[in-house]
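Colleague: The structure's right below; bear with me while I get my questions together.
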Amino acid sequence: MATATLSIDLDALAANWRALDRASSSSVQTAAVVKADAYGLGIARVARALAQAGARRFFVAVAEEGAALRQALGPGPQICIMSGHMAGDTEMVHDLDLTPMLNSIDQVTRHLESLPGLPFGVQLDTGMNRLGMEEAEWEAVAPFVLEAGPELLMSHLACADDPDHALNELQLATFHAMTDGTGVPRSLAATGGILMGPKYHFDLTRPGIGLYGGHPYEAAARVVTLSLPVIQTRPVAAGEAVGYSCTWTAEQDSTIATVSGGYADGLLRGLSNAAVLWDGDTPCPLVGRVSMDLITVDISHLRRVPRSLDILGPHQTVDDLANIAGTIGYEVLTSLGARYTRRYVEGVA
């Protein structure tokens with residue numbers, strides 16, 4: 001096969017959810033964020049594994065993701081839509097029992113007029129300036145919104161990956177000021193907020209990247225392994241160049257493996273001449289440019305030609321790759337391509 005294999009350890013995923021669940025008190029519900037096709041790993045299998053681990057509330061970005069999730073989970077678990085109730089979503093929200101997190105006065109009006117009595121939550125902007133109602137807007141509508149019975153008041157921390165950032169405490173204080181005394185369940189913490197301690201936990205936490213093995217959850221179990229097949233090898237003489245634009249030239253006679261995978265598969269061009277692949281415990285440098293479908297790797301030091309090389313595995317995480325490419329683990333993870341053969345592993349412990 002010329003397609004790479006993306007192995008997804010569902011037991012590790014479930015273990016990460018349980019560990020983050022234990023990080024808050026038993027009175028705090030732990031949800032699971034499975035937006036962007038469960039961060040690129042496949043929403044159906046991932047969500048079912050999380051539900052089996054104990055998650056009963058899930059967060060997605062848009063109603064269409066909620067529809068896919070409802071199909072995977074069936075009735076029962078609550079599915080919250082962070083983009084809220086958009087024009088055109090009404091039928092889906094009603095028929096699939098989705099819970100929109102209303103972000104504006106327009107969304108409040110749309111939901112309460114079109115679907116009176118159906119569940120909803122409210123998202124508040126406490127300083128990120130992205131989604132949610134600001135303090136003045138919330139103050140204007142809070143009396144009748146609270147009377148309609150929201151299921152959750154939530155906000156999102158902008159700098160939770162930097163626990164010492166001053167905005168964290170400011171957002172916490174603003175969230176208290178906007179929600180204290182409402183009697184409505186509250187949620188402020190995603191993965192980073194969970195790790196910052198109980199004062200950020202409120203009634204519900206929403207782990208996302210930590211479930212999938214990413215920073216800032218340093219103790220996370222590894223969830224993904226990505227093995228790229230070797231398609232061809234060739235001798236390259238000293239002085240010969242490899243790849244587009246001749247950005248790497250062999251300093252000595254070398255053996256170069258051409259490996260299936262490129263920027264069309266989420267291997268960012270910033271990895272060119274910088275990343276490392278692994279044959280077991282042996283590192284093999286990526287040489288030359290990352291192209292659309294292929295990369296080239298120096299395997300001169302190996303005793304045999306491997307069938308595949310790992311770019312994600314025990315020696316290299318999504319965050320390691322992100323650091324090389326000058327980005328974040330979220331981008332690496334959610335960019336993993338549709339051409340990969342996804343292999344789900346569970347029940348092996």
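Going by the structure tokens order, chains are called A, B, ..., each with residues numbered from 1, while ligands are numbered from 1 in the order shown.
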List every residue of region 50-105 of chain A that DSSP, applied to the backbone of this structure, assigns to alpha helix (DSSP H), and report them as a list in words.
Modeller: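 DSSP on the backbone gives alpha helix (DSSP H) at Leu50, Ala51, Gln52, Ala53, Ala63, Glu64, Glu65, Gly66, Ala67, Ala68, Leu69, Arg70, Gln71, Ala72, Leu73, Thr90, Glu91, Met92, Val93, His94, Asp95 and Ile105 of chain A.
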Colleague: Output all heavy atoms for every residue in the selection just made, as a compact mmCIF listing (two decimals), in the first residue's frame.
Modeller:
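The result, written out as selection.txt:
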# COMPACT_ATOMS: atom_id res chain seq x y z
N LEU A 50 -15.23 7.75 23.80
CA LEU A 50 -15.35 8.70 24.91
C LEU A 50 -16.66 8.48 25.67
O LEU A 50 -16.70 8.58 26.90
CB LEU A 50 -15.24 10.13 24.39
CG LEU A 50 -13.86 10.53 23.88
CD1 LEU A 50 -13.92 11.85 23.14
CD2 LEU A 50 -12.86 10.62 25.04
N ALA A 51 -17.72 8.18 24.95
CA ALA A 51 -18.99 7.90 25.61
C ALA A 51 -18.87 6.64 26.47
O ALA A 51 -19.39 6.59 27.59
CB ALA A 51 -20.11 7.74 24.57
N GLN A 52 -18.17 5.64 25.97
CA GLN A 52 -17.97 4.42 26.74
C GLN A 52 -17.13 4.69 27.98
O GLN A 52 -17.32 4.06 29.03
CB GLN A 52 -17.31 3.36 25.86
CG GLN A 52 -17.23 1.98 26.51
CD GLN A 52 -16.74 0.91 25.54
OE1 GLN A 52 -16.26 1.22 24.46
NE2 GLN A 52 -16.87 -0.34 25.93
N ALA A 53 -16.21 5.67 27.88
CA ALA A 53 -15.39 6.03 29.03
C ALA A 53 -16.18 6.80 30.08
O ALA A 53 -15.75 6.87 31.24
CB ALA A 53 -14.19 6.86 28.57
N ALA A 63 -23.39 23.02 13.57
CA ALA A 63 -24.52 22.09 13.62
C ALA A 63 -24.30 20.87 12.74
O ALA A 63 -24.74 19.76 13.09
CB ALA A 63 -25.80 22.82 13.22
N GLU A 64 -23.63 21.02 11.60
CA GLU A 64 -23.39 19.88 10.74
C GLU A 64 -22.53 18.82 11.44
O GLU A 64 -22.74 17.62 11.27
CB GLU A 64 -22.71 20.34 9.44
CG GLU A 64 -23.62 21.12 8.50
CD GLU A 64 -23.77 22.59 8.87
OE1 GLU A 64 -23.17 23.02 9.89
OE2 GLU A 64 -24.47 23.32 8.16
N GLU A 65 -21.57 19.27 12.24
CA GLU A 65 -20.80 18.32 13.04
C GLU A 65 -21.69 17.65 14.08
O GLU A 65 -21.53 16.46 14.37
CB GLU A 65 -19.63 19.03 13.73
CG GLU A 65 -18.55 19.51 12.78
CD GLU A 65 -17.43 20.23 13.51
OE1 GLU A 65 -17.62 20.68 14.67
OE2 GLU A 65 -16.34 20.35 12.92
N GLY A 66 -22.61 18.42 14.63
CA GLY A 66 -23.55 17.85 15.59
C GLY A 66 -24.41 16.76 14.98
O GLY A 66 -24.72 15.75 15.63
N ALA A 67 -24.78 16.95 13.71
CA ALA A 67 -25.58 15.93 13.02
C ALA A 67 -24.79 14.64 12.86
O ALA A 67 -25.31 13.54 13.09
CB ALA A 67 -26.03 16.47 11.66
N ALA A 68 -23.52 14.76 12.47
CA ALA A 68 -22.68 13.57 12.33
C ALA A 68 -22.49 12.88 13.67
O ALA A 68 -22.49 11.64 13.77
CB ALA A 68 -21.33 13.95 11.73
N LEU A 69 -22.35 13.67 14.72
CA LEU A 69 -22.15 13.11 16.05
C LEU A 69 -23.42 12.42 16.55
O LEU A 69 -23.34 11.34 17.15
CB LEU A 69 -21.73 14.22 17.01
CG LEU A 69 -21.43 13.82 18.45
CD1 LEU A 69 -20.37 12.74 18.51
CD2 LEU A 69 -20.99 15.04 19.25
N ARG A 70 -24.56 13.02 16.30
CA ARG A 70 -25.81 12.37 16.73
C ARG A 70 -25.99 11.03 16.02
O ARG A 70 -26.44 10.04 16.62
CB ARG A 70 -27.00 13.30 16.45
CG ARG A 70 -28.34 12.72 16.86
CD ARG A 70 -28.42 12.44 18.36
NE ARG A 70 -28.53 13.65 19.14
CZ ARG A 70 -28.18 13.75 20.41
NH1 ARG A 70 -27.66 12.71 21.06
NH2 ARG A 70 -28.31 14.90 21.06
N GLN A 71 -25.64 10.99 14.75
CA GLN A 71 -25.74 9.73 14.01
C GLN A 71 -24.83 8.68 14.63
O GLN A 71 -25.19 7.49 14.71
CB GLN A 71 -25.36 9.95 12.54
CG GLN A 71 -25.52 8.71 11.68
CD GLN A 71 -25.22 8.98 10.22
OE1 GLN A 71 -24.56 9.96 9.88
NE2 GLN A 71 -25.71 8.13 9.34
N ALA A 72 -23.66 9.09 15.11
CA ALA A 72 -22.72 8.14 15.70
C ALA A 72 -23.14 7.69 17.08
O ALA A 72 -22.97 6.52 17.43
CB ALA A 72 -21.33 8.77 15.77
N LEU A 73 -23.71 8.59 17.88
CA LEU A 73 -24.00 8.29 19.28
C LEU A 73 -25.43 7.86 19.53
O LEU A 73 -25.72 7.22 20.54
CB LEU A 73 -23.69 9.52 20.15
CG LEU A 73 -22.23 9.94 20.27
CD1 LEU A 73 -22.12 11.19 21.13
CD2 LEU A 73 -21.38 8.81 20.84
N THR A 90 -32.23 25.70 12.26
CA THR A 90 -33.37 25.43 13.15
C THR A 90 -33.88 24.00 13.04
O THR A 90 -34.09 23.32 14.06
CB THR A 90 -34.50 26.43 12.86
OG1 THR A 90 -34.01 27.76 13.05
CG2 THR A 90 -35.69 26.19 13.78
N GLU A 91 -34.07 23.53 11.83
CA GLU A 91 -34.62 22.18 11.65
C GLU A 91 -33.67 21.13 12.21
O GLU A 91 -34.09 20.18 12.88
CB GLU A 91 -34.89 21.92 10.17
CG GLU A 91 -35.62 20.62 9.90
CD GLU A 91 -36.01 20.48 8.43
OE1 GLU A 91 -36.29 21.51 7.79
OE2 GLU A 91 -36.01 19.34 7.94
N MET A 92 -32.36 21.30 11.96
CA MET A 92 -31.38 20.35 12.47
C MET A 92 -31.35 20.35 14.00
O MET A 92 -31.29 19.30 14.65
CB MET A 92 -29.99 20.69 11.93
CG MET A 92 -29.32 19.53 11.23
SD MET A 92 -27.59 19.86 10.75
CE MET A 92 -27.70 21.44 9.97
N VAL A 93 -31.34 21.56 14.57
CA VAL A 93 -31.31 21.68 16.04
C VAL A 93 -32.52 20.98 16.65
O VAL A 93 -32.40 20.24 17.64
CB VAL A 93 -31.25 23.17 16.45
CG1 VAL A 93 -31.51 23.33 17.94
CG2 VAL A 93 -29.90 23.77 16.07
N HIS A 94 -33.68 21.17 16.04
CA HIS A 94 -34.92 20.57 16.55
C HIS A 94 -34.92 19.06 16.37
O HIS A 94 -35.13 18.29 17.31
CB HIS A 94 -36.13 21.19 15.85
CG HIS A 94 -37.43 20.54 16.22
ND1 HIS A 94 -37.92 19.44 15.55
CD2 HIS A 94 -38.32 20.83 17.20
CE1 HIS A 94 -39.07 19.07 16.10
NE2 HIS A 94 -39.34 19.90 17.10
N ASP A 95 -34.67 18.60 15.14
CA ASP A 95 -34.84 17.19 14.83
C ASP A 95 -33.78 16.30 15.48
O ASP A 95 -34.06 15.13 15.78
CB ASP A 95 -34.80 16.97 13.31
CG ASP A 95 -36.00 17.61 12.60
OD1 ASP A 95 -36.94 18.03 13.29
OD2 ASP A 95 -35.96 17.68 11.36
N ILE A 105 -27.34 38.56 20.58
CA ILE A 105 -28.76 38.87 20.76
C ILE A 105 -29.56 38.33 19.59
O ILE A 105 -30.68 37.82 19.75
CB ILE A 105 -28.95 40.38 20.93
CG1 ILE A 105 -28.30 40.84 22.26
CG2 ILE A 105 -30.43 40.75 20.91
CD1 ILE A 105 -28.31 42.32 22.47
Colleague: Counting only C-alpha atoms, what is within 9 Å of Ala23 (chain A), bar same-chain residues fewer than 6 positions away, as a PDB file with N, CA, C and O atoms, in the first residue's frame?
Modeller:
ATOM      1  N   ILE A 194      -8.477  23.327  32.989  1.00  0.00           N
ATOM      2  CA  ILE A 194      -8.531  22.204  33.943  1.00  0.00           C
ATOM      3  C   ILE A 194      -7.221  22.124  34.711  1.00  0.00           C
ATOM      4  O   ILE A 194      -7.205  21.970  35.948  1.00  0.00           O
ATOM      5  N   LEU A 195      -6.110  22.257  34.002  1.00  0.00           N
ATOM      6  CA  LEU A 195      -4.800  22.106  34.626  1.00  0.00           C
ATOM      7  C   LEU A 195      -4.449  23.273  35.538  1.00  0.00           C
ATOM      8  O   LEU A 195      -3.556  23.143  36.395  1.00  0.00           O
ATOM      9  N   GLY A 197      -6.425  24.473  37.811  1.00  0.00           N
ATOM     10  CA  GLY A 197      -6.935  24.243  39.148  1.00  0.00           C
ATOM     11  C   GLY A 197      -8.398  24.542  39.355  1.00  0.00           C
ATOM     12  O   GLY A 197      -9.085  25.084  38.476  1.00  0.00           O
ATOM     13  N   PRO A 198      -8.903  24.207  40.564  1.00  0.00           N
ATOM     14  CA  PRO A 198     -10.344  24.193  40.839  1.00  0.00           C
ATOM     15  C   PRO A 198     -11.069  25.507  40.621  1.00  0.00           C
ATOM     16  O   PRO A 198     -12.247  25.500  40.270  1.00  0.00           O
TER      17      PRO A 198
END
Colleague: Write down as a ChimeraX atom specification the residues belonging to region 56-274 of chain A that are assigned strand (DSSP E or B) by DSSP computed on the backbone.
Modeller: /A:57-60,78-81,98-102,121-124,133,153-154,186-187,204-205,224-236,241-242,248-249,254-260
Colleague: Within 12 Å of Ser291 (chain A), counting only C-alpha atoms, which residues show up once you throw out same-chain ones fewer than 6 positions away? Write them as a PyMOL selection string, please.
Modeller: chain A and resi 242-245+258-273
Colleague: With only C-alpha atoms as the counted atoms, please give the residues lying no more than 10 Å from Ser27 (chain A), apart from itself and same-chain residues fewer than 4 positions off, as a ChimeraX atom specification.
Modeller: /A:202-204
Colleague: Skipping near chain neighbours, those fewer than 5 positions away, what residues fall within 12 Å of Leu167 (chain A) using only C-alpha atoms, listed as a ChimeraX atom specification?
Modeller: /A:126-128,156-162,172-175
Colleague: What's the separation between CA of Ser7 (chain A) and CA of Val345 (chain A), in Å to one decimal place?
Modeller: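 We find that CA of Ser7 (chain A) and CA of Val345 (chain A) lie 6.9 Å from each other.
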Colleague: Do a neighbour search on Leu309 (chain A) at 7 Å with only C-alpha atoms, toss out local chain neighbours closer than 5 positions, and write the hits as a PyMOL selection string.
Modeller: chain A and resi 227-229+277-279
Colleague: Which residue gives the smallest distance to Asp281 (chain A) among A:Ala14, A:Met178, A:Ile311, A:Ala338, with only C-alpha atoms counted?
Modeller: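 That would be A:Ile311, the residue with the smallest distance to Asp281 (chain A).
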Colleague: Measuring atom to atom with only C-alpha atoms, identify which of A:Ala177, A:Thr109, A:Tyr340, A:Ala241 is nearest to Glu135 (chain A).
Modeller: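 Looking at the shortest contact to Glu135 (chain A), the residue is A:Ala177.
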Colleague: I'd like the neighbourhood of Asn323 (chain A) as a list in words, where a residue qualifies if any of its atoms comes within 12 Å (using only C-alpha atoms), though same-chain residues fewer than 5 positions away should be ignored.
Modeller: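 What passes the distance filter is His215, Leu268, Gly270, Leu271, Ala274, Ala275, Gln316, Thr317, Val318, Ile328, Gly329, Tyr330, Glu331 and Val332 of chain A.
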Colleague: Quick check, in Å to one decimal: how far apart do CA of Tyr344 (chain A) and CA of Leu6 (chain A) lie?
Modeller: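 Here the two named atoms are 8.5 Å from each other.
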Colleague: Which is closest to Ala148 (chain A) among A:Ala55, A:Ser83, A:Leu115, A:Pro283, if we use only C-alpha atoms?
Modeller: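 Nearest candidate to Ala148 (chain A) out of A:Ala55, A:Ser83, A:Leu115, A:Pro283: A:Leu115.
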